[in-house]
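Engineer: Below are the structure tokens for one structure; questions will follow.
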Amino acid sequence: MTWGRQTSGLLPQGEHMTAQVTDRSSTQPVGPPPPFDPELAPVVEMLTGLRPPDAYRSDNIVEMRKPVPGVETPTDEILSRGGAYSVQERAVPGPDGDPDISLLICLPKHAATPTPAIYHVHGGGMIVGDNRFGLVEMLNLAEPMGMAVVSVEYRLAPETPHPGPVEDCYAGLVWVSDHAHELNIDPERIVIGGASAGGGLAAAVTLMARDRNCPAILAQLLLSPMLDDRNDSPSAQQMRGLGIWDSSSNETGWNALLGDGVRGGPDVSSYAAPSRAANLSGLPSTFVDVGSAETFRDEDVAYASRMWQAGGNVELHVWPGGFHGFDVVVPHAVLSQDAIAARVAWLRRQLGRTPPVRR
């Protein structure tokens with residue numbers, strides 16, 4: 001299988017941001033979908049009965065943004081973790097000429113020295129969600145290690161197409177880095193992370209930070225990231241109509257972000273779809289995980305493989321029988337516990353190593 005045409009070695013200064021992969025071909029037939037993990041399968045059946053995998057359409061995005069019954073938005077009290085964290089929402093400058101953006105800032109109250117931090121980008125297919133979505137799970141990772149968490153509120157598509165969302169996320173990261181000492185955050189130990197669309201935006205912001213030579217990012221934590229607008233991988237084909245967020249919903253998200261007639265074409269920026277990046281060298285240490293039974297499996301595996309090919313330091317996990325977001329929906333399942341433990345172990349190793357020298 002050929003996943004894309006790429007250049008070898010480093011691109012000349014300034015060419016990172018214009019070169020992207022535009023073609024690939026597949027010659028292997030696609031077989032039946034992999035089975036769901038037995039402990040997870042009943043949950044998938046229940047969830048798809050409430051909201052099918054192809055539920056997201058261009059004509060119902062506003063409706064899908066309404067709160068899901070039974071799913072509570074975490075309050076400041078919940079996010080404070082029993083008083084261990086201070087929680088504040090701050091408006092900070094957005095991209096040049098655009099509105100301010102909101103950062104939800106969770107800081108350890110009793111830290112004697114500057115703390116490492118997770119800069120969190122929420123998921124939601126580029127079209128739903130807010131900066132509280134997925135934040136509890138990030139705090140679960142951060143709190144045992146004494147880390148701060150800052151979650152960015154980016155503008156959603158289709159009201160704000162590319163590059164608005166990724167530029168919002170980048171602007172928020174720049175602000176955090178520039179104001180790190182005010183926040184008692186160590187600017188050399190900022191990990192960017194997110195799940196699903198948040199993972200895709202985190203990967204795109206990391207590419208931007210490399211190409212713009214700032215800010216420093218210690219590592220990136222990409223959880224089932226949404227990386228490839230072409231939406232035609234074997235896993236996208238296998239999982240159509242199955243699981244959570246299939247290729248039909250995925251098409252809705254990408255079309256909203258990129259605009260009509262752009263998705264899958266030759267002019268998609270790697271800052272919109274990181275899988276389009278021709279050069280994946282010079283990126284920080286990276287963690288990628290994904291379920292074997294979800295749409296994003298193959299694009300995520302391909303991204304990790306291409307990072308290795310470019311000389312990168314990547315840890316990849318493909319969790320057998322995992323559906324999209326299984327660890328959040330069924331956190332006490334054995335597979336979920338294994339996935340969470342792998343992230344914790346990786347994150348501890350990143351915090352224990354010497355940060356890279358600023359360029």
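Going by the structure tokens order, chains are called A, B, ..., each with residues numbered from 1, while ligands are numbered from 1 in the order shown.
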Any idea what's packed within 8 Å of Gln238 in chain A, counting only C-alpha atoms, ignoring anything in its chain fewer than 6 positions away? Could you give it as a ChimeraX atom specification?
Structural biologist: /A:30-33,295
Engineer: Write out as JSON, numbers by chain all residues of range 55-276 of chain A that DSSP puts in strand (DSSP E) for this structure's backbone.
Structural biologist: {"A": [85, 86, 87, 88, 89, 90, 91, 92, 101, 102, 103, 104, 105, 106, 107, 108, 115, 116, 117, 118, 119, 120, 121, 148, 149, 150, 151, 152, 153, 185, 186, 187, 188, 189, 190, 191, 192, 193, 194, 195, 219, 220, 221, 222, 223]}
Engineer: What are the closest atom pairs, with distances in Å to one decimal, for each residue of range 221-309 of chain A lying within 6 Å of range 198-205 of chain A, using only C-alpha atoms, rows by chain and rising residue number, as CSV?
Structural biologist:
```
residue,atom,partner,partner_atom,distance
A:Leu222,CA,A:Gly199,CA,4.7
A:Leu223,CA,A:Gly199,CA,5.8
A:Pro225,CA,A:Gly199,CA,4.2
A:Met226,CA,A:Gly200,CA,4.7
A:Leu227,CA,A:Gly200,CA,5.0
A:Tyr271,CA,A:Ala204,CA,4.8
A:Pro274,CA,A:Ala204,CA,5.6
```
Engineer: Taking only C-alpha atoms into account, which of A:Arg240, A:Pro53, A:Gln220, A:Val290 comes nearest Val314 in chain A?
Structural biologist: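 Of A:Arg240, A:Pro53, A:Gln220, A:Val290, the one nearest Val314 in chain A is A:Gln220, counting only C-alpha atoms.
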Engineer: May I have the residues within 12 Å of Val166 in chain A as number ranges by chain, using only C-alpha atoms and disregarding those fewer than 2 positions away in the same chain?
Structural biologist: A: 94-95, 101, 121-122, 126, 152-157, 160-164, 168-173, 197-209, 257, 269-274
Engineer: Fewer than 6 positions away in the same chain doesn't count, so skip those; otherwise give me all residues within 7 Å of Val150 in chain A, counting only C-alpha atoms, as an NGL selection string.
Structural biologist: :A and (103-106 or 118-120)
Engineer: Looking at A:Pro165, A:Ala310, A:Leu242, A:Asp130, which one is nearest to Asp98 in chain A, with distances taken over only C-alpha atoms?
Structural biologist: A:Pro165
